[in-house]
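Here is the file final14.csv (CSV, C-alpha atoms and all ligand atoms).
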chain,number,residue,atom,x,y,z
A,268,MET,CA,-160.4,145.8,70.2
A,269,THR,CA,-161.1,143.3,67.5
A,270,THR,CA,-162.4,145.0,64.5
A,271,ASN,CA,-160.1,146.8,62.1
A,272,ARG,CA,-162.6,147.3,59.3
A,273,PHE,CA,-162.9,151.1,59.2
A,274,CYS,CA,-161.2,154.3,60.2
A,275,VAL,CA,-163.0,156.2,63.0
A,276,PHE,CA,-162.6,159.5,61.1
A,277,CYS,CA,-163.5,158.7,57.5
A,278,GLY,CA,-165.2,155.3,57.7
A,279,SER,CA,-163.0,153.8,54.9
A,280,PRO,CA,-160.7,150.9,55.4
A,281,PRO,CA,-157.8,152.6,57.0
A,282,GLU,CA,-154.8,153.1,54.8
A,283,LYS,CA,-151.4,153.1,56.5
A,284,LYS,CA,-153.1,151.9,59.6
A,285,ASN,CA,-152.7,153.9,62.8
A,286,ARG,CA,-154.3,153.8,66.2
A,287,GLU,CA,-156.3,156.8,67.4
A,288,HIS,CA,-156.6,157.3,71.2
A,289,ILE,CA,-160.2,158.3,71.7
A,290,LEU,CA,-159.2,159.9,74.9
A,291,PRO,CA,-155.9,161.4,74.1
A,292,GLN,CA,-152.6,160.7,76.0
A,293,TRP,CA,-152.4,164.3,77.2
A,294,LEU,CA,-155.8,164.0,78.8
A,295,LEU,CA,-154.9,160.7,80.5
A,296,GLU,CA,-151.7,162.3,81.9
A,297,LEU,CA,-153.6,165.4,83.1
A,298,THR,CA,-156.1,163.2,85.1
A,299,GLY,CA,-153.9,160.6,86.7
A,300,ASP,CA,-151.8,157.5,85.9
A,301,PRO,CA,-152.4,157.0,82.1
A,302,LYS,CA,-152.0,153.2,82.7
A,303,ARG,CA,-154.8,152.9,85.2
A,304,VAL,CA,-157.4,150.3,84.7
A,305,VAL,CA,-161.0,151.3,84.4
A,306,ASN,CA,-164.3,149.4,84.0
A,307,PHE,CA,-165.8,150.0,80.6
A,308,GLY,CA,-169.2,148.4,81.2
A,309,THR,CA,-170.5,145.1,79.9
A,310,ASN,CA,-169.9,143.2,76.7
A,311,PHE,CA,-173.5,142.5,75.7
A,312,LYS,CA,-172.5,139.5,73.6
A,313,ASN,CA,-170.9,137.5,76.4
A,314,GLY,CA,-172.0,139.3,79.6
A,315,ASN,CA,-168.4,139.8,80.7
A,316,ALA,CA,-167.3,143.1,82.3
A,317,ILE,CA,-164.9,144.9,80.2
A,318,ARG,CA,-161.8,146.2,81.9
A,319,PHE,CA,-158.7,147.7,80.4
A,320,ASP,CA,-156.5,150.7,80.8
A,321,TRP,CA,-157.5,154.0,79.3
A,322,SER,CA,-154.3,154.1,77.2
A,323,ASN,CA,-155.6,151.1,75.3
A,324,PHE,CA,-158.9,152.8,74.5
A,325,CYS,CA,-158.0,153.0,70.8
A,326,VAL,CA,-159.8,152.6,67.5
A,327,PRO,CA,-158.3,152.1,63.9
A,328,ALA,CA,-157.6,155.3,61.9
A,329,CYS,CA,-155.8,156.2,58.7
A,330,GLU,CA,-152.4,157.9,59.2
A,331,SER,CA,-153.5,160.9,57.1
A,332,CYS,CA,-156.8,161.3,59.0
A,333,ASN,CA,-154.9,161.1,62.3
A,334,THR,CA,-152.5,163.8,61.1
A,335,GLU,CA,-155.4,166.0,59.9
A,336,PHE,CA,-156.9,166.1,63.4
A,337,SER,CA,-153.7,166.6,65.3
A,338,ASP,CA,-154.0,170.4,65.2
A,339,LEU,CA,-157.5,170.3,66.7
A,340,GLU,CA,-156.1,167.9,69.4
A,341,ALA,CA,-153.3,170.4,70.2
A,342,ARG,CA,-155.7,173.3,70.5
A,343,ALA,CA,-158.1,171.2,72.6
A,344,LYS,CA,-155.4,170.6,75.1
A,345,ALA,CA,-154.8,174.3,75.5
A,346,HIS,CA,-158.5,174.9,75.9
A,347,VAL,CA,-158.9,172.1,78.5
A,348,LEU,CA,-155.9,173.4,80.5
A,349,LYS,CA,-157.6,176.8,80.7
A,350,LEU,CA,-160.9,175.3,81.7
A,351,VAL,CA,-159.6,173.2,84.5
A,352,ALA,CA,-157.9,176.5,85.8
A,353,ARG,CA,-161.4,178.1,85.4
A,354,GLU,CA,-160.0,180.7,83.0
A,355,ALA,CA,-161.9,182.3,80.2
A,356,LEU,CA,-162.0,181.0,76.6
A,357,SER,CA,-163.1,183.3,73.8
A,358,SER,CA,-166.2,182.6,71.8
A,359,ILE,CA,-164.3,181.2,68.8
A,360,GLU,CA,-162.2,179.0,71.2
A,361,TYR,CA,-165.4,177.6,72.6
A,362,SER,CA,-166.7,176.8,69.1
A,363,ASP,CA,-163.4,175.0,68.5
A,364,PHE,CA,-163.7,173.2,71.8
A,365,MET,CA,-167.2,172.0,70.7
A,366,ASP,CA,-165.6,170.6,67.6
A,367,TRP,CA,-163.3,168.5,69.9
A,368,LEU,CA,-166.3,167.4,72.0
A,369,ASP,CA,-168.0,166.3,68.7
A,370,LYS,CA,-164.9,164.3,67.9
A,371,VAL,CA,-164.6,162.7,71.4
A,372,ARG,CA,-168.4,162.0,71.6
A,373,VAL,CA,-168.6,160.3,68.2
A,374,GLY,CA,-165.2,158.6,68.8
A,375,ILE,CA,-166.5,157.0,72.0
A,376,TRP,CA,-169.7,156.1,70.3
A,377,ILE,CA,-167.9,154.1,67.7
A,378,ALA,CA,-165.4,152.6,70.2
A,379,TYR,CA,-168.3,151.4,72.4
A,380,HIS,CA,-169.8,149.5,69.4
A,381,PHE,CA,-166.5,147.6,69.3
A,382,ILE,CA,-166.0,147.0,73.0
A,383,GLN,CA,-169.6,146.2,74.1
A,384,GLY,CA,-170.2,143.8,71.2
A,385,ASN,CA,-172.4,146.2,69.2
A,386,PRO,CA,-175.6,145.4,71.2
A,387,THR,CA,-177.9,147.5,69.2
A,388,ASN,CA,-176.6,146.2,65.9
A,389,ILE,CA,-175.7,149.5,64.4
A,390,ASP,CA,-173.6,150.0,61.3
A,391,PRO,CA,-172.3,153.5,62.0
A,392,SER,CA,-173.8,155.7,59.3
A,393,PHE,CA,-171.4,158.5,60.0
A,394,HIS,CA,-167.9,158.9,61.4
A,395,ILE,CA,-166.0,161.7,63.0
A,396,LYS,CA,-165.3,163.7,59.9
A,397,THR,CA,-168.9,163.7,58.7
A,398,ARG,CA,-170.3,164.6,62.1
A,399,ILE,CA,-168.1,167.4,63.4
A,400,CYS,CA,-170.0,170.7,63.5
A,401,GLN,CA,-173.0,169.4,61.6
A,402,LYS,CA,-175.9,169.7,64.1
A,403,ASP,CA,-177.0,172.2,66.9
A,404,ARG,CA,-174.7,171.7,69.9
A,405,MET,CA,-174.3,173.0,73.4
A,406,VAL,CA,-171.9,172.8,76.3
A,407,ALA,CA,-172.5,173.4,80.0
A,408,ILE,CA,-169.6,173.4,82.4
A,409,TYR,CA,-170.0,172.8,86.2
A,410,PRO,CA,-167.2,173.3,88.7
A,411,ILE,CA,-167.3,170.3,91.1
A,412,ALA,CA,-166.1,169.9,94.6
A,413,GLY,CA,-162.4,169.1,94.6
A,414,ASP,CA,-161.8,165.4,94.5
A,415,GLY,CA,-158.4,165.9,92.9
A,416,VAL,CA,-157.6,164.3,89.6
A,417,GLY,CA,-159.8,162.0,87.6
A,418,LEU,CA,-161.4,161.3,84.2
A,419,ASN,CA,-164.9,159.9,83.7
A,420,ALA,CA,-167.1,159.7,80.7
A,421,PHE,CA,-170.8,159.5,81.6
A,422,GLY,CA,-173.8,158.3,79.5
A,423,VAL,CA,-171.6,156.6,76.9
A,424,GLU,CA,-172.6,153.1,78.1
A,425,SER,CA,-176.3,153.6,77.7
A,426,LEU,CA,-178.2,151.9,74.8
A,427,VAL,CA,-179.9,155.2,73.9
A,428,PHE,CA,-176.4,156.6,73.3
A,429,HIS,CA,-175.6,153.6,71.2
A,430,SER,CA,-178.6,154.5,69.0
A,431,GLN,CA,-177.6,158.2,68.7
A,432,PRO,CA,-174.5,159.8,70.3
A,433,SER,CA,-176.6,162.9,71.4
A,434,CYS,CA,-175.4,163.7,74.9
A,435,PHE,CA,-172.6,162.7,77.3
A,436,ALA,CA,-170.5,164.3,80.0
A,437,LEU,CA,-166.8,164.3,80.7
A,438,ARG,CA,-165.5,164.8,84.2
A,439,ILE,CA,-161.9,166.2,83.9
A,440,ASN,CA,-160.5,166.8,87.4
A,441,ASP,CA,-162.6,169.5,89.1
A,442,ILE,CA,-165.0,170.3,86.2
A,443,LEU,CA,-167.9,168.4,84.7
A,444,ILE,CA,-168.5,169.1,81.0
A,445,LEU,CA,-172.0,168.3,79.7
A,446,ASN,CA,-172.3,168.3,75.9
A,447,MET,CA,-175.3,167.7,73.6
A,448,SER,CA,-175.7,167.8,69.9
A,449,SER,CA,-178.7,166.8,67.8
A,450,ASP,CA,-180.7,167.8,64.7
A,451,TYR,CA,-182.6,171.1,65.2
A,452,LEU,CA,-182.3,170.8,69.0
A,453,PHE,CA,-182.7,174.6,69.4
A,454,SER,CA,-182.2,176.2,65.9
A,455,ALA,CA,-185.8,177.4,65.9
A,456,ARG,CA,-185.4,179.2,69.3
A,457,CYS,CA,-182.2,180.8,68.1
A,458,GLY,CA,-184.2,182.3,65.2
A,459,PHE,CA,-182.6,180.0,62.7
A,460,PRO,CA,-184.2,178.0,59.9
A,461,PHE,CA,-186.0,174.7,61.0
A,462,PRO,CA,-188.2,172.1,59.4
A,463,LYS,CA,-191.8,172.0,60.5
A,464,SER,CA,-191.8,168.4,59.4
A,465,ARG,CA,-189.1,166.0,60.4
A,466,TYR,CA,-189.2,162.2,60.4
A,467,THR,CA,-187.0,159.2,59.7
A,468,THR,CA,-188.1,156.4,57.4
A,469,LEU,CA,-187.0,152.9,58.4
A,470,ASP,CA,-187.5,151.2,55.0
A,471,GLY,CA,-188.2,152.1,51.4
A,472,ASP,CA,-185.6,153.5,49.0
A,473,ASN,CA,-183.6,155.3,51.7
A,474,PRO,CA,-183.7,153.4,55.0
A,475,ASN,CA,-182.8,155.5,58.0
A,476,LEU,CA,-183.0,158.7,56.0
A,477,MET,CA,-184.2,161.8,57.9
A,478,HIS,CA,-186.8,163.7,55.9
A,479,LEU,CA,-186.8,167.4,56.5
A,480,ASN,CA,-189.6,169.5,55.0
A,481,ASP,CA,-191.4,172.9,55.2
A,482,PHE,CA,-188.6,175.1,56.5
A,483,GLN,CA,-189.5,178.2,58.4
A,484,ILE,CA,-187.5,181.0,60.1
A,485,THR,CA,-188.7,183.4,62.8
A,486,ARG,CA,-185.4,185.4,63.2
A,487,ARG,CA,-186.4,185.8,66.9
A,488,ILE,CA,-184.6,184.4,70.0
A,489,LYS,CA,-186.8,182.7,72.5
A,490,HIS,CA,-185.8,182.2,76.2
A,491,PRO,CA,-184.9,179.5,77.3
A,492,LEU,CA,-183.3,177.9,74.3
A,493,LEU,CA,-184.1,174.4,75.6
A,494,ARG,CA,-187.5,173.9,77.1
A,495,LYS,CA,-186.3,171.4,79.7
A,496,THR,CA,-184.9,172.3,83.1
A,497,ILE,CA,-181.1,172.1,83.5
A,498,ALA,CA,-179.0,172.8,86.6
A,499,LYS,CA,-177.3,176.1,86.4
A,500,PRO,CA,-173.8,175.8,85.1
A,501,SER,CA,-170.9,178.3,85.2
A,502,ILE,CA,-170.6,178.2,81.4
A,503,HIS,CA,-173.8,177.7,79.4
A,504,LEU,CA,-173.4,178.0,75.6
A,505,TYR,CA,-175.5,177.1,72.6
A,506,GLN,CA,-174.4,177.1,68.9
A,507,PRO,CA,-177.0,176.5,66.2
A,508,ILE,CA,-175.6,174.9,63.0
A,509,ILE,CA,-177.0,175.1,59.5
A,510,ARG,CA,-175.9,172.3,57.2
A,511,ARG,CA,-174.8,172.8,53.6
A,512,SER,CA,-177.2,171.9,50.9
A,513,SER,CA,-176.9,171.4,47.2
A,514,ASP,CA,-180.7,172.0,46.8
A,515,ASP,CA,-181.0,175.1,44.5
A,516,SER,CA,-184.0,176.4,46.4
A,517,PHE,CA,-181.7,177.3,49.3
A,518,GLN,CA,-179.9,180.1,47.7
A,519,SER,CA,-177.3,180.7,50.3
A,520,GLY,CA,-176.2,177.1,49.9
A,521,TYR,CA,-177.4,176.2,53.5
A,522,LEU,CA,-180.4,174.0,54.3
A,523,GLY,CA,-183.6,175.9,55.0
A,524,ASP,CA,-182.3,179.3,54.0
A,525,TYR,CA,-184.2,180.3,50.9
A,526,SER,CA,-182.7,183.8,50.6
A,527,ARG,CA,-179.5,184.8,48.9
A,528,PHE,CA,-178.6,187.1,51.8
A,529,ASP,CA,-180.4,187.0,55.2
A,530,SER,CA,-179.3,189.9,57.4
A,531,TYR,CA,-180.4,188.1,60.6
A,532,LEU,CA,-178.3,185.0,59.8
A,533,ALA,CA,-175.4,187.1,58.6
A,534,GLN,CA,-175.4,188.8,62.0
A,535,HIS,CA,-175.9,185.6,64.0
A,536,THR,CA,-173.3,183.4,62.3
A,537,MET,CA,-169.6,183.2,62.5
A,538,PRO,CA,-167.8,185.3,59.8
A,539,PRO,CA,-167.2,185.3,56.9
A,540,TYR,CA,-170.9,184.9,55.7
A,541,PRO,CA,-172.1,182.3,54.9
A,542,THR,CA,-170.5,179.7,57.2
A,543,GLY,CA,-173.7,178.1,58.6
A,544,LYS,CA,-172.1,178.2,62.1
A,545,GLY,CA,-174.0,180.2,64.5
A,546,VAL,CA,-172.4,182.6,67.0
A,547,LEU,CA,-172.6,181.4,70.5
A,548,TYR,CA,-175.6,182.1,72.6
A,549,PHE,CA,-175.1,182.4,76.4
A,550,GLN,CA,-178.1,181.0,78.3
A,551,HIS,CA,-178.5,183.1,81.5
A,552,GLN,CA,-181.1,182.3,84.1
A,553,ASP,CA,-183.3,185.1,82.9
A,554,ARG,CA,-182.3,185.7,79.3
A,555,VAL,CA,-180.3,184.6,76.2
A,556,ASP,CA,-177.4,186.7,75.0
A,557,PRO,CA,-175.9,186.1,71.5
A,558,ILE,CA,-172.2,186.9,71.6
A,559,PHE,CA,-171.3,188.8,68.4
A,560,ASP,CA,-167.7,189.4,69.2
A,561,ILE,CA,-166.0,186.1,68.5
A,562,ASP,CA,-162.9,187.2,70.4
A,563,GLN,CA,-164.8,188.1,73.5
A,564,PRO,CA,-163.6,186.2,76.6
A,565,ILE,CA,-166.3,184.2,78.3
A,566,GLU,CA,-165.8,184.1,82.0
A,567,PHE,CA,-167.0,181.4,84.5
A,568,GLU,CA,-170.1,182.6,86.3
A,569,ASP,CA,-170.5,182.1,90.0
A,570,ILE,CA,-173.0,179.5,91.2
A,571,LYS,CA,-174.8,180.4,94.4
A,572,HIS,CA,-174.9,177.8,97.1
A,573,SER,CA,-178.7,177.5,96.6
A,574,GLU,CA,-178.2,176.8,92.9
A,575,SER,CA,-175.4,174.3,93.3
A,576,LYS,CA,-176.3,170.6,92.7
A,577,PRO,CA,-174.4,167.5,93.8
A,578,MET,CA,-172.4,165.5,91.2
A,579,HIS,CA,-175.0,162.7,90.9
A,580,GLU,CA,-177.7,165.2,90.1
A,581,LEU,CA,-175.6,166.7,87.3
A,582,VAL,CA,-174.7,163.2,85.9
A,583,LYS,CA,-178.4,162.2,86.0
A,584,GLN,CA,-179.1,165.0,83.5
A,585,VAL,CA,-177.1,163.2,80.8
A,586,TYR,CA,-179.6,160.3,80.8
A,587,GLU,CA,-182.5,162.6,81.0
A,588,PHE,CA,-181.4,164.6,78.0
A,589,GLN,CA,-180.6,161.4,76.0
A,590,ASN,CA,-184.2,160.4,76.5
A,591,TYR,CA,-185.5,163.9,75.8
A,592,ILE,CA,-183.7,164.0,72.5
A,593,TYR,CA,-184.6,160.4,71.5
A,594,GLU,CA,-188.2,160.7,72.4
A,595,LYS,CA,-188.6,163.6,70.0
A,596,ASP,CA,-187.5,161.5,67.0
A,597,GLU,CA,-190.4,160.4,64.8
A,598,PHE,CA,-190.1,157.2,62.8
A,599,ARG,CA,-192.2,155.9,59.9
A,600,ALA,CA,-192.2,152.7,57.9
A,601,GLN,CA,-194.3,151.1,55.2
A,602,ASN,CA,-193.8,147.7,56.9
A,603,LYS,CA,-196.0,147.9,60.0
A,604,GLU,CA,-194.2,145.1,61.8
A,605,LEU,CA,-190.9,146.8,61.3
A,606,LEU,CA,-192.3,150.0,62.8
A,607,THR,CA,-193.9,148.1,65.7
A,608,SER,CA,-190.6,146.3,66.6
A,609,HIS,CA,-188.7,149.6,66.2
A,610,MET,CA,-191.1,151.4,68.6
A,611,GLU,CA,-190.8,148.6,71.1
A,612,ARG,CA,-187.1,148.7,71.0
A,613,LYS,CA,-187.1,152.5,71.4
A,614,LYS,CA,-189.4,152.2,74.5
A,615,ALA,CA,-187.1,149.5,76.0
A,616,LEU,CA,-184.0,151.7,75.5
A,617,ILE,CA,-185.7,154.7,77.1
A,618,ARG,CA,-186.8,152.4,80.0
A,619,TRP,CA,-183.2,151.3,80.4
A,620,ASN,CA,-182.1,154.9,80.8
A,621,LYS,CA,-184.9,155.5,83.3
A,622,HIS,CA,-183.2,152.8,85.5
A,623,PHE,CA,-180.0,154.9,85.3
A,624,ILE,CA,-182.0,158.0,86.2
A,625,SER,CA,-183.6,156.4,89.3
A,626,HIS,CA,-180.3,154.9,90.3
A,627,TYR,CA,-178.6,158.4,90.3
A,628,SER,CA,-181.7,159.9,92.0
A,629,ARG,CA,-181.2,157.5,94.9
A,630,MET,CA,-177.5,158.2,95.3
A,631,SER,CA,-176.1,160.6,97.8
A,632,ASN,CA,-172.9,161.0,95.9
A,633,VAL,CA,-171.0,159.6,92.9
B,701,ZN,ZN,-159.4,157.8,57.5

Please express the file's structure as structure tokens.
Ligand SMILES: [Zn+2]
Amino acid sequence: MTTNRFCVFCGSPPEKKNREHILPQWLLELTGDPKRVVNFGTNFKNGNAIRFDWSNFCVPACESCNTEFSDLEARAKAHVLKLVAREALSSIEYSDFMDWLDKVRVGIWIAYHFIQGNPTNIDPSFHIKTRICQKDRMVAIYPIAGDGVGLNAFGVESLVFHSQPSCFALRINDILILNMSSDYLFSARCGFPFPKSRYTTLDGDNPNLMHLNDFQITRRIKHPLLRKTIAKPSIHLYQPIIRRSSDDSFQSGYLGDYSRFDSYLAQHTMPPYPTGKGVLYFQHQDRVDPIFDIDQPIEFEDIKHSESKPMHELVKQVYEFQNYIYEKDEFRAQNKELLTSHMERKKALIRWNKHFISHYSRMSNV
């Protein structure tokens, strides 16, 4: 990896430079020979295939940042060991596990900018520290037919993912973990505050700023939390997240919450109030259950044969959800040419993902 300009965690020039393994050593050991060589897609600058071993999948980091995240890494290892054994995690452990998925997803996003030659010309506007636990997030876990050990990251090579690290999947041995996180992906349907108006300006005083206006709250849960079909997983959890705000009109200190104390939000967020972190909502086939007891173990649910999908169908969903999330984003610009070229690029990236989707649709197995 060539660039050493910033730390993957904080975005500053790394002090006491260190290397962060985006996919940690313990995970490489759990899933095979840590020195194995894998294909990392194409470098868009020179068209060459990128191949190197997982253990060299590193990005620069400060020593202090690295240390700060070592506890999360240790807990994540314990969580993953339980998950591959299909054991229950508690609600609070799943929330912690989703912090780790945020870390890995954003870390891979930053790493791919380096290794693929930054094809979409993005200057990362956030890094791991400013992105963990900041937006609605979900996790779906699928048991897969026993192929033995292996580690794959799906969706991370797509150009939509380059534009926004919204959705990816990790196969760890016999489970596939689908993870999504994006602004207001399901807050409204969890009964949480949401903006009626949301758009990103491409130019003006604050280019690439997302404008959020006219916040509302229904305090009612709507089934299903995502209005897009998803194959039934064994674990299916959603966590709405409210961001901190320094705007005085939000009296609780959280974006979109005008009240000093909202009993619905107090009941539906992790203690102690106010944390802005929703409790987990389990999406069942026929209903949504918020889980109020943060220590409650969440067991793997059985998947009937008729509900079970082959691996390629599960992986295909990653690209479908990337498009679903990307298509919802509204962009505005004063400069019409800028807006036109942005919209053309957006369409091209979505089309590119549709190629992946049809590729996976034609497959009989991955
Ligand atoms: Zn740092």

- prompt: Within 12 Å of ligand ZN 701 (chain B), counting all atoms listed in the file: which residues, as an NGL selection string?
  reply: :A and (271-287 or 326-336 or 394-397)

query: How many Å lie between CA of Ser608 in chain A and CA of Gln584 in chain A, rounded to one decimal?
result: 27.7 Å

Can you tell me, as an mmCIF file with C-alpha atoms, in the coordinates of the input, what residues are no more than 10 Å from Val373 in chain A when counting all atoms listed in the file, ignoring any on the same chain fewer than 3 positions away?
data_model
loop_
_atom_site.group_PDB
_atom_site.id
_atom_site.type_symbol
_atom_site.label_atom_id
_atom_site.label_comp_id
_atom_site.auth_asym_id
_atom_site.auth_seq_id
_atom_site.Cartn_x
_atom_site.Cartn_y
_atom_site.Cartn_z
ATOM 1 C CA VAL A 275 -163.000 156.200 63.000
ATOM 2 C CA PHE A 276 -162.600 159.500 61.100
ATOM 3 C CA ILE A 289 -160.200 158.300 71.700
ATOM 4 C CA TRP A 367 -163.300 168.500 69.900
ATOM 5 C CA LEU A 368 -166.300 167.400 72.000
ATOM 6 C CA ASP A 369 -168.000 166.300 68.700
ATOM 7 C CA LYS A 370 -164.900 164.300 67.900
ATOM 8 C CA TRP A 376 -169.700 156.100 70.300
ATOM 9 C CA ILE A 377 -167.900 154.100 67.700
ATOM 10 C CA ALA A 378 -165.400 152.600 70.200
ATOM 11 C CA TYR A 379 -168.300 151.400 72.400
ATOM 12 C CA PRO A 391 -172.300 153.500 62.000
ATOM 13 C CA PHE A 393 -171.400 158.500 60.000
ATOM 14 C CA HIS A 394 -167.900 158.900 61.400
ATOM 15 C CA ILE A 395 -166.000 161.700 63.000
ATOM 16 C CA LYS A 396 -165.300 163.700 59.900
ATOM 17 C CA ARG A 398 -170.300 164.600 62.100
ATOM 18 C CA ILE A 399 -168.100 167.400 63.400
ATOM 19 C CA VAL A 423 -171.600 156.600 76.900
ATOM 20 C CA GLN A 431 -177.600 158.200 68.700
ATOM 21 C CA PRO A 432 -174.500 159.800 70.300
ATOM 22 C CA SER A 433 -176.600 162.900 71.400
#

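Across the structure, CA of Arg612 in chain A and CA of Glu594 in chain A are spaced 12.1 Å apart.
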
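Taking CA of Glu587 in chain A as the reference point, CA of Thr536 in chain A is found at 29.4 Å.
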
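The smallest atom-to-atom distance between Ile488 in chain A and any of A:His579, A:Arg527, A:Arg438, A:Arg554, using only C-alpha atoms, is found for A:Arg554.
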
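Distances to Ala412 in chain A were evaluated for A:Pro577, A:Gly458, A:Asn590, A:Asp338 using only C-alpha atoms, and the minimum falls at A:Pro577.
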
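The residue that comes closest to Ile382 in chain A, out of A:Lys495, A:His346, A:Lys402, A:His429 and on the basis of only C-alpha atoms, is A:His429.
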
query: If you count all atoms listed in the file, which residues fall within 12 Å of Ser530 in chain A, apart from same-chain ones fewer than 3 positions away, as an MDAnalysis selection string?
result: chainID A and resid 458:459 486 519 524 526:527 533:536 540:541

query: What's the 7 Å shell around Phe598 in chain A, counting all atoms listed in the file, without same-chain residues fewer than 5 positions away, as a ChimeraX atom specification?
result: /A:466-469

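Comparing the minimum interatomic distances between Phe421 in chain A and each of A:Phe588, A:Trp619, A:Phe435, A:Tyr521, counting only C-alpha atoms, we find that A:Phe435 sits nearest.
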
task: For range 556-570 of chain A, list every protein, DNA or RNA residue within 10 Å, evaluated using only C-alpha atoms, and leave out those in the same chain fewer than 5 positions away; present the list as an MDAnalysis selection string.
output: chainID A and resid 350 353:362 408:410 457 488 490 499:506 534:538 545:551 575:576

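Residue neighbourhood of range 627-630 of chain A, excluding near-sequence residues (fewer than 6 positions): His579, Glu580, Val582 and Lys583 of chain A, at 8 Å, using only C-alpha atoms.
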
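Among the candidates A:Phe428, A:Phe517, A:Phe482, A:Phe324, the residue lying nearest to Ser454 in chain A is A:Phe482 (atoms considered: all atoms listed in the file).
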
Missing atoms in range 545-550 of chain A should be modelled up to all heavy atoms and reported as a CSV table (one decimal), in the frame of the given file.
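Saved as out-v3.csv:
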chain,number,residue,atom,x,y,z
A,545,GLY,N,-173.5,179.1,63.7
A,545,GLY,CA,-174.0,180.2,64.5
A,545,GLY,C,-173.0,180.8,65.4
A,545,GLY,O,-172.0,180.2,65.8
A,546,VAL,N,-173.2,182.1,65.8
A,546,VAL,CA,-172.4,182.6,67.0
A,546,VAL,C,-172.9,181.8,68.2
A,546,VAL,O,-173.9,181.1,68.2
A,546,VAL,CB,-172.7,184.1,67.1
A,546,VAL,CG1,-172.2,184.9,65.9
A,546,VAL,CG2,-174.1,184.5,67.5
A,547,LEU,N,-172.2,182.0,69.3
A,547,LEU,CA,-172.6,181.4,70.5
A,547,LEU,C,-173.7,182.2,71.2
A,547,LEU,O,-173.6,183.4,71.2
A,547,LEU,CB,-171.4,181.2,71.5
A,547,LEU,CG,-170.2,180.4,70.9
A,547,LEU,CD1,-169.2,180.0,71.9
A,547,LEU,CD2,-170.7,179.1,70.2
A,548,TYR,N,-174.6,181.5,71.8
A,548,TYR,CA,-175.6,182.1,72.6
A,548,TYR,C,-175.4,181.7,74.1
A,548,TYR,O,-175.4,180.5,74.4
A,548,TYR,CB,-177.0,181.6,72.2
A,548,TYR,CG,-177.5,182.1,70.8
A,548,TYR,CD1,-176.8,181.7,69.7
A,548,TYR,CD2,-178.6,182.8,70.7
A,548,TYR,CE1,-177.3,182.1,68.4
A,548,TYR,CE2,-179.1,183.2,69.4
A,548,TYR,CZ,-178.4,182.8,68.3
A,548,TYR,OH,-178.9,183.2,67.0
A,549,PHE,N,-175.2,182.7,75.0
A,549,PHE,CA,-175.1,182.4,76.4
A,549,PHE,C,-176.5,182.3,77.0
A,549,PHE,O,-177.2,183.3,76.9
A,549,PHE,CB,-174.2,183.4,77.1
A,549,PHE,CG,-173.6,182.8,78.4
A,549,PHE,CD1,-172.2,182.6,78.5
A,549,PHE,CD2,-174.4,182.5,79.5
A,549,PHE,CE1,-171.7,182.1,79.7
A,549,PHE,CE2,-173.9,182.0,80.7
A,549,PHE,CZ,-172.5,181.8,80.8
A,550,GLN,N,-176.8,181.2,77.6
A,550,GLN,CA,-178.1,181.0,78.3
A,550,GLN,C,-177.9,181.5,79.7
A,550,GLN,O,-177.3,180.8,80.5
A,550,GLN,CB,-178.5,179.6,78.2
A,550,GLN,CG,-179.8,179.3,79.0
A,550,GLN,CD,-181.0,179.9,78.3
A,550,GLN,OE1,-181.4,179.6,77.2
A,550,GLN,NE2,-181.7,180.8,79.1
